[in-house]
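Asks: File follows, model34.txt with compact mmCIF, C-alpha atoms:
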# COMPACT_ATOMS: atom_id res chain seq x y z
CA MET A 1 2.19 5.30 19.10
CA LYS A 2 0.19 8.51 18.82
CA VAL A 3 0.17 9.88 15.26
CA ARG A 4 -1.94 12.96 14.68
CA ASP A 5 -5.34 12.10 16.19
CA VAL A 6 -5.05 8.29 16.43
CA GLU A 7 -2.99 5.55 18.05
CA LEU A 8 -1.29 3.51 15.33
CA ALA A 9 0.13 0.01 15.75
CA VAL A 10 3.77 0.16 14.62
CA ARG A 11 6.32 -2.64 14.28
CA GLU A 12 10.07 -2.18 13.71
CA THR A 13 12.62 -4.82 12.71
CA GLY A 14 16.05 -4.90 11.10
CA HIS A 15 18.84 -2.35 10.85
CA GLY A 16 19.89 0.12 8.17
CA PRO A 17 18.19 2.89 6.20
CA PRO A 18 14.51 3.23 7.17
CA LEU A 19 11.75 1.73 5.02
CA LEU A 20 8.19 2.70 6.02
CA TRP A 21 5.72 0.15 4.69
CA GLY A 22 1.94 0.39 4.28
CA HIS A 23 -0.52 -2.45 3.63
CA GLY A 24 -3.54 -2.48 1.32
CA LEU A 25 -7.16 -1.52 1.91
CA MET A 26 -8.79 -3.72 4.60
CA GLY A 27 -5.40 -5.29 5.30
CA SER A 28 -2.94 -5.04 8.19
CA MET A 29 0.49 -6.22 9.29
CA ASP A 30 -1.05 -9.43 10.64
CA GLN A 31 -2.94 -9.97 7.38
CA GLU A 32 0.22 -9.54 5.31
CA ASP A 33 2.03 -12.03 7.55
CA ALA A 34 -0.84 -14.52 7.26
CA GLY A 35 -0.90 -14.10 3.47
CA GLY A 36 2.74 -15.12 3.39
CA LEU A 37 3.75 -13.56 0.06
CA PHE A 38 6.47 -11.30 1.48
CA ASP A 39 9.63 -12.64 3.07
CA TRP A 40 10.36 -9.74 5.40
CA GLN A 41 13.62 -11.31 6.58
CA THR A 42 15.14 -10.58 3.18
CA LEU A 43 14.55 -6.86 3.71
CA GLU A 44 15.41 -6.83 7.40
CA ARG A 45 19.00 -7.91 6.68
CA THR A 46 19.86 -4.49 5.22
CA LEU A 47 16.96 -2.20 6.15
CA ARG A 48 15.23 -0.84 9.23
CA VAL A 49 11.72 -1.99 8.28
CA ILE A 50 8.98 0.05 9.95
CA ARG A 51 5.51 -1.35 9.28
CA TYR A 52 2.25 0.02 10.61
CA ASP A 53 -1.49 -0.55 10.56
CA ALA A 54 -3.27 2.39 8.94
CA ARG A 55 -5.99 4.09 10.95
CA GLY A 56 -9.08 1.92 11.18
CA HIS A 57 -7.15 -1.18 10.12
CA GLY A 58 -5.69 -4.06 12.12
CA ARG A 59 -4.76 -3.03 15.64
CA SER A 60 -4.77 0.72 15.04
CA GLU A 61 -7.39 3.09 16.38
CA ALA A 62 -10.33 3.83 14.10
CA THR A 63 -12.08 7.05 13.23
CA LEU A 64 -15.43 7.01 11.47
CA GLU A 65 -15.31 9.92 9.00
CA ALA A 66 -14.76 8.87 5.39
CA ARG A 67 -12.60 11.94 4.74
CA ALA A 68 -9.98 10.67 7.21
CA TYR A 69 -9.45 7.62 4.97
CA GLN A 70 -8.85 9.52 1.75
CA TRP A 71 -5.39 8.82 0.46
CA ARG A 72 -4.22 12.40 0.96
CA GLU A 73 -5.20 12.19 4.63
CA LEU A 74 -3.58 8.77 5.11
CA ALA A 75 -0.45 10.29 3.57
CA ARG A 76 -0.50 12.92 6.32
CA ASP A 77 -0.53 10.07 8.86
CA LEU A 78 2.43 8.46 7.08
CA ARG A 79 4.36 11.72 6.93
CA ALA A 80 3.76 12.35 10.64
CA LEU A 81 4.91 8.82 11.48
CA ALA A 82 8.04 9.26 9.37
CA ASP A 83 8.88 12.52 11.12
CA ALA A 84 8.43 10.85 14.51
CA VAL A 85 10.55 7.73 13.96
CA CYS A 86 13.13 8.62 11.27
CA ASP A 87 16.23 10.77 11.68
CA SER A 88 16.91 10.71 7.92
CA PRO A 89 14.65 10.68 4.83
CA PRO A 90 13.02 7.23 4.66
CA VAL A 91 12.08 4.99 1.79
CA LEU A 92 8.29 4.97 1.50
CA GLY A 93 6.53 1.92 0.16
CA GLY A 94 3.52 -0.32 0.27
CA VAL A 95 0.88 -2.34 -1.50
CA SER A 96 -2.17 -0.83 -3.25
CA MET A 97 -3.50 1.67 -0.68
CA GLY A 98 -0.03 1.72 0.89
CA CYS A 99 1.43 2.45 -2.54
CA ALA A 100 -1.03 5.32 -3.06
CA THR A 101 -0.36 6.70 0.42
CA SER A 102 3.39 6.66 -0.22
CA LEU A 103 3.01 8.49 -3.53
CA HIS A 104 0.91 11.25 -1.95
CA ALA A 105 3.38 11.57 0.94
CA ALA A 106 6.28 11.85 -1.50
CA VAL A 107 4.54 14.49 -3.60
CA ALA A 108 3.85 16.48 -0.42
CA ALA A 109 7.50 16.32 0.72
CA ALA A 110 9.88 15.00 -1.93
CA GLU A 111 12.91 16.39 -0.09
CA ARG A 112 12.03 14.11 2.87
CA THR A 113 11.67 10.97 0.74
CA ARG A 114 14.68 8.82 -0.10
CA ALA A 115 12.98 6.47 -2.58
CA LEU A 116 9.65 4.79 -3.34
CA VAL A 117 8.65 1.12 -3.55
CA LEU A 118 5.26 0.98 -5.27
CA VAL A 119 3.70 -2.50 -5.21
CA ALA A 120 0.45 -3.30 -7.05
CA PRO A 121 -0.50 0.29 -7.88
CA PRO A 122 -4.30 0.65 -7.62
CA THR A 123 -6.81 1.81 -10.19
CA ALA A 124 -6.23 5.47 -11.03
CA TRP A 125 -7.33 8.30 -13.26
CA GLU A 126 -9.46 6.86 -16.10
CA THR A 127 -9.99 3.50 -14.35
CA ARG A 128 -10.79 4.98 -10.95
CA PRO A 129 -14.54 5.77 -11.31
CA ARG A 130 -15.52 2.13 -11.82
CA GLN A 131 -13.54 1.02 -8.77
CA ALA A 132 -15.03 3.87 -6.74
CA ARG A 133 -18.52 2.57 -7.56
CA ILE A 134 -17.50 -0.90 -6.35
CA TYR A 135 -16.27 0.55 -3.05
CA ARG A 136 -19.46 2.55 -2.54
CA PHE A 137 -21.53 -0.55 -3.25
CA GLY A 138 -19.45 -2.50 -0.73
CA ALA A 139 -20.04 0.17 1.92
CA GLN A 140 -23.79 0.10 1.23
CA LEU A 141 -23.83 -3.69 1.44
CA ILE A 142 -22.10 -3.65 4.83
CA GLU A 143 -24.45 -0.95 6.08
CA ARG A 144 -27.49 -3.06 5.14
CA VAL A 145 -26.44 -6.62 5.97
CA GLY A 146 -23.18 -6.42 7.91
CA LEU A 147 -19.68 -7.75 7.32
CA ALA A 148 -20.43 -11.49 7.16
CA PRO A 149 -22.06 -11.51 3.68
CA PHE A 150 -19.39 -9.09 2.44
CA ARG A 151 -16.70 -11.50 3.62
CA CYS A 152 -18.46 -14.44 1.96
CA VAL A 153 -18.44 -12.64 -1.39
CA GLY A 154 -14.72 -12.02 -1.02
CA GLN A 155 -14.02 -15.62 -0.06
CA LEU A 156 -15.91 -16.87 -3.12
CA ALA A 157 -13.98 -14.46 -5.38
CA SER A 158 -10.69 -15.95 -4.16
CA LEU A 159 -11.74 -19.36 -5.53
CA ALA A 160 -11.36 -17.99 -9.07
CA VAL A 161 -7.67 -17.15 -8.48
CA ARG A 162 -5.52 -19.95 -9.89
CA ASP A 163 -2.33 -19.24 -8.01
CA ARG A 164 -2.60 -20.80 -4.55
CA ALA A 165 -0.44 -18.21 -2.79
CA LEU A 166 -2.33 -15.28 -4.29
CA ALA A 167 -5.68 -16.85 -3.42
CA GLY A 168 -4.42 -17.26 0.12
CA MET A 169 -3.53 -13.58 0.25
CA GLN A 170 -7.08 -12.64 -0.77
CA ARG A 171 -8.55 -14.97 1.84
CA SER A 172 -6.31 -13.45 4.50
CA VAL A 173 -7.87 -10.04 3.79
CA MET A 174 -11.37 -11.44 4.25
CA SER A 175 -10.29 -13.23 7.43
CA GLU A 176 -8.91 -9.95 8.77
CA LEU A 177 -12.43 -8.50 8.67
CA ARG A 178 -13.64 -10.89 11.37
CA ARG A 179 -12.47 -8.49 14.07
CA ALA A 180 -13.05 -5.24 12.15
CA ASP A 181 -15.51 -2.53 13.15
CA PRO A 182 -18.08 -2.39 10.33
CA ARG A 183 -18.35 1.38 10.73
CA ALA A 184 -14.61 1.79 10.17
CA VAL A 185 -14.69 -0.52 7.13
CA MET A 186 -17.53 1.54 5.61
CA ALA A 187 -15.60 4.75 6.25
CA ALA A 188 -12.43 3.26 4.72
CA LEU A 189 -14.31 2.10 1.60
CA ARG A 190 -15.96 5.47 1.14
CA GLY A 191 -12.67 7.26 1.70
CA ALA A 192 -11.04 5.08 -0.95
CA ALA A 193 -13.93 5.84 -3.32
CA GLU A 194 -13.17 9.54 -2.94
CA SER A 195 -9.45 9.09 -3.64
CA ASP A 196 -7.13 8.96 -6.63
CA LEU A 197 -3.39 8.98 -7.27
CA PRO A 198 -1.64 12.35 -7.53
CA ALA A 199 -2.16 14.29 -10.74
CA PRO A 200 0.16 13.34 -13.63
CA GLY A 201 1.77 16.79 -13.60
CA ALA A 202 2.78 16.41 -9.95
CA LEU A 203 4.27 12.98 -10.65
CA ARG A 204 6.34 14.29 -13.56
CA ARG A 205 8.01 16.70 -11.13
CA LEU A 206 8.74 14.03 -8.51
CA ARG A 207 12.46 13.33 -8.85
CA VAL A 208 12.62 10.45 -6.37
CA PRO A 209 13.89 6.96 -7.38
CA ALA A 210 10.93 4.59 -7.65
CA LEU A 211 10.61 0.83 -8.04
CA ILE A 212 7.22 -0.26 -9.42
CA LEU A 213 6.13 -3.88 -9.03
CA ALA A 214 2.96 -5.13 -10.72
CA TRP A 215 1.25 -8.43 -11.49
CA ARG A 216 -0.03 -8.86 -15.02
CA ALA A 217 -3.11 -10.93 -14.10
CA ASP A 218 -4.45 -8.72 -11.30
CA PRO A 219 -7.65 -6.92 -12.47
CA THR A 220 -8.02 -5.00 -9.20
CA HIS A 221 -4.58 -3.46 -9.71
CA PRO A 222 -4.41 -3.01 -13.49
CA LEU A 223 -1.09 -3.11 -15.23
CA SER A 224 -2.09 0.11 -17.02
CA THR A 225 -1.62 2.08 -13.77
CA ALA A 226 1.87 0.68 -13.21
CA GLU A 227 2.87 1.37 -16.81
CA ARG A 228 1.54 4.92 -16.64
CA LEU A 229 3.44 5.54 -13.40
CA ALA A 230 6.63 4.29 -15.05
CA GLU A 231 6.08 6.82 -17.85
CA LEU A 232 5.30 9.72 -15.53
CA LEU A 233 7.91 9.32 -12.78
CA PRO A 234 11.29 10.70 -13.95
CA ILE A 235 13.38 8.06 -12.12
CA ALA A 236 11.48 4.78 -12.22
CA GLU A 237 11.88 1.13 -13.09
CA LEU A 238 9.00 -1.29 -13.62
CA HIS A 239 8.99 -5.06 -13.07
CA VAL A 240 5.93 -7.11 -14.05
CA ALA A 241 5.23 -10.51 -12.48
CA ASP A 242 3.60 -13.27 -14.51
CA SER A 243 3.16 -15.76 -11.67
CA GLY A 244 3.10 -16.20 -7.93
CA ARG A 245 6.70 -17.36 -8.14
CA ASP A 246 7.67 -14.01 -9.66
CA ILE A 247 5.84 -12.20 -6.86
CA ARG A 248 7.69 -14.16 -4.20
CA ALA A 249 10.92 -12.80 -5.73
CA TRP A 250 9.81 -9.22 -5.06
CA PRO A 251 11.56 -8.85 -1.66
CA GLN A 252 14.92 -9.61 -3.29
CA GLN A 253 14.17 -7.13 -6.09
CA ILE A 254 13.30 -4.50 -3.49
CA ALA A 255 16.50 -5.21 -1.56
CA SER A 256 18.62 -4.95 -4.72
CA PHE A 257 16.93 -1.71 -5.80
CA LEU A 258 17.39 -0.06 -2.40
CA SER A 259 20.99 -1.24 -2.19
CA ALA A 260 21.67 0.57 -5.47
CA VAL A 261 19.86 3.70 -4.22
CA THR A 262 21.85 3.67 -0.98
CA THR A 263 25.15 3.21 -2.83
CA HIS A 264 24.32 6.10 -5.17
CA ASP A 265 23.42 8.34 -2.22
CA SER A 266 26.69 7.50 -0.47
CA ARG A 267 28.75 8.36 -3.55
CA ALA A 268 26.82 11.58 -4.12
CA SER A 269 27.55 12.77 -0.56
CA VAL A 270 31.34 12.27 -0.93
Written as structure tokens, that's how I'd like the structure from this file.

Replies:
Amino acid sequence: MKVRDVELAVRETGHGPPLLWGHGLMGSMDQEDAGGLFDWQTLERTLRVIRYDARGHGRSEATLEARAYQWRELARDLRALADAVCDSPPVLGGVSMGCATSLHAAVAAAERTRALVLVAPPTAWETRPRQARIYRFGAQLIERVGLAPFRCVGQLASLAVRDRALAGMQRSVMSELRRADPRAVMAALRGAAESDLPAPGALRRLRVPALILAWRADPTHPLSTAERLAELLPIAELHVADSGRDIRAWPQQIASFLSAVTTHDSRASV
């Protein structure tokens, strides 16, 4: 469907309150399905799950300006999609980049956000500059030698991950790049390098229920970001996974959290 200036691939399943879900950088709906960590059927039993490929990712249309991939701009895409497909305030959620996009969208319009599901919060604030340098280097590497060597580096990195399911998720991201436009990948990496989470002061004022899910052994998504978010957000709960088995329990934790939010909203409206 047309969202702002691009055609986005959108998929809707299930029934109930709307949950808009965003994937991570260089990911997609197909990549998440191939990675196999999330059991979407658990969420679809009680929620209207609306997933989408961000601009320049998966089956969505690409633009080639780095600014369009900054998290604030991707949040404008998310907000426009929510306004187009939701009759009531949705739950916003996602992994890494999808988490960041949801936070920016909530800060921009808290009154139109029912709750937040923040999975694997990315590097932010003090830890962001180092990650930004990595993204810029990745964009330069692609510009010079193309996507194939970049993918090989990512595939090799997945070999160091002990948990089989998590390693498979990383490999699914690299596999996704086989059909990607290198120019869009470079723009997305540079846009991410120019991005950060909302300022702490803005997060302290965000009175929206938030579930934060992090993995202790994930260096790309440091636990310090998740812990800081739990401190800043006024209504937040944090769960930290120690293994792939814990991560595979996340859909049930999300369903339980949103069931409690929905029940509270129903009582408050009486």

Asks: Write out as a ChimeraX atom specification the residues lying within 8 Å of stretch 91-98 of chain A, counting only C-alpha atoms and excluding same-chain residues fewer than 3 positions away.

Replies: /A:17-25,71,101-102,106,113-122,221

Asks: Looking at all atoms listed in the file, which of A:Met174, A:Ile142, A:Ile247, A:Ala180 is the one that sits closest to A:Phe38?

Replies: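 Counting all atoms listed in the file, the residue closest to A:Phe38 is A:Ile247.
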
Asks: Find, counting only C-alpha atoms, the residue in A:Ala241, A:Ala80, A:Val10, A:Ala226 that gets nearest to A:Tyr52.

Replies: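 Ranked by minimum distance to A:Tyr52, first place goes to A:Val10.
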
Asks: For atom CA of A:Gly36 and atom CA of A:Arg245, quote the distance in Å rounded to one decimal.

Replies: 12.4 Å

Asks: Just checking: using all atoms listed in the file, which residue out of A:Ala100, A:Leu43, A:Ala75, A:Val145 ends up closest to A:Ile254?

Replies: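 For A:Ile254, the nearest of the given residues is A:Leu43.
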
Asks: Which residues, written as an NGL selection string, have at least one atom at most 10 Å from A:Leu233, with only C-alpha atoms counted and residues fewer than 6 positions away on the same chain left out?

Replies: :A and (200-210)

Asks: My list of candidates is A:Val261, A:Cys99, A:Ile50, A:Leu147. Which is closest to A:Ile212 when distances are computed with all atoms listed in the file?

Replies: A:Cys99

Asks: So what do you get for atom CA of A:Glu176 versus atom CA of A:Glu12, distance-wise?

Replies: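 So the answer is 21.1 Å.
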
Asks: At a cut-off of 7 Å, using only C-alpha atoms, what residues contact A:His57? Leave out same-chain residues fewer than 5 positions from it and give the result as a list in words.

Replies: Met26, Gly27 and Ser28 of chain A

Asks: Print the selection's residues with C-alpha atoms to a file, as a PDB file, in the coordinates of the input.

Replies:
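Final output, saved to part_18.pdb:
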ATOM      1  CA  MET A  26      -8.790  -3.720   4.600  1.00  0.00           C
ATOM      2  CA  GLY A  27      -5.400  -5.290   5.300  1.00  0.00           C
ATOM      3  CA  SER A  28      -2.940  -5.040   8.190  1.00  0.00           C
TER       4      SER A  28
END

Asks: Could you tell me how far atom CA of A:Trp250 lies from atom CA of A:Leu238, in Å and to one decimal?

Replies: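 Between atom CA of A:Trp250 and atom CA of A:Leu238 the gap is 11.7 Å.
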
Asks: Using all atoms listed in the file, which residue out of A:Glu111, A:Asp83, A:Asp53, A:Glu194 lies closest to A:Arg128?

Replies: A:Glu194

Asks: Skipping near chain neighbours, those fewer than 4 positions away, what residues fall within 7 Å of A:Asp242 using all atoms listed in the file, listed as a list in words?

Replies: Trp215, Arg216 and Asp246 of chain A

Asks: Print the selection's residues with C-alpha atoms to a file, as a short mmCIF file (atom, residue, chain, number, x, y, z; two decimals), keeping the file's coordinate frame.

Replies:
data_model
loop_
_atom_site.label_atom_id
_atom_site.label_comp_id
_atom_site.auth_asym_id
_atom_site.auth_seq_id
_atom_site.Cartn_x
_atom_site.Cartn_y
_atom_site.Cartn_z
CA TRP A 215 1.25 -8.43 -11.49
CA ARG A 216 -0.03 -8.86 -15.02
CA ASP A 246 7.67 -14.01 -9.66
#

Asks: Which one is closest to A:Glu227: A:Arg76, A:Arg59, A:Arg183, A:His239? Count all atoms listed in the file.

Replies: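 That would be A:His239, the residue with the smallest distance to A:Glu227.
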
Asks: List the neighbours of A:Leu8 out to 9 Å using only C-alpha atoms; skip same-chain residues closer than 6 positions along the sequence, and give me the result as a VMD selection string.

Replies: chain A and resid 1 to 2 52 to 56 59 to 61

Asks: Could those selected residues go to a file with C-alpha atoms, as a compact mmCIF listing (two decimals), in the frame of the given file?

Replies:
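Generated file (part13.txt):
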# COMPACT_ATOMS: atom_id res chain seq x y z
CA MET A 1 2.19 5.30 19.10
CA LYS A 2 0.19 8.51 18.82
CA TYR A 52 2.25 0.02 10.61
CA ASP A 53 -1.49 -0.55 10.56
CA ALA A 54 -3.27 2.39 8.94
CA ARG A 55 -5.99 4.09 10.95
CA GLY A 56 -9.08 1.92 11.18
CA ARG A 59 -4.76 -3.03 15.64
CA SER A 60 -4.77 0.72 15.04
CA GLU A 61 -7.39 3.09 16.38
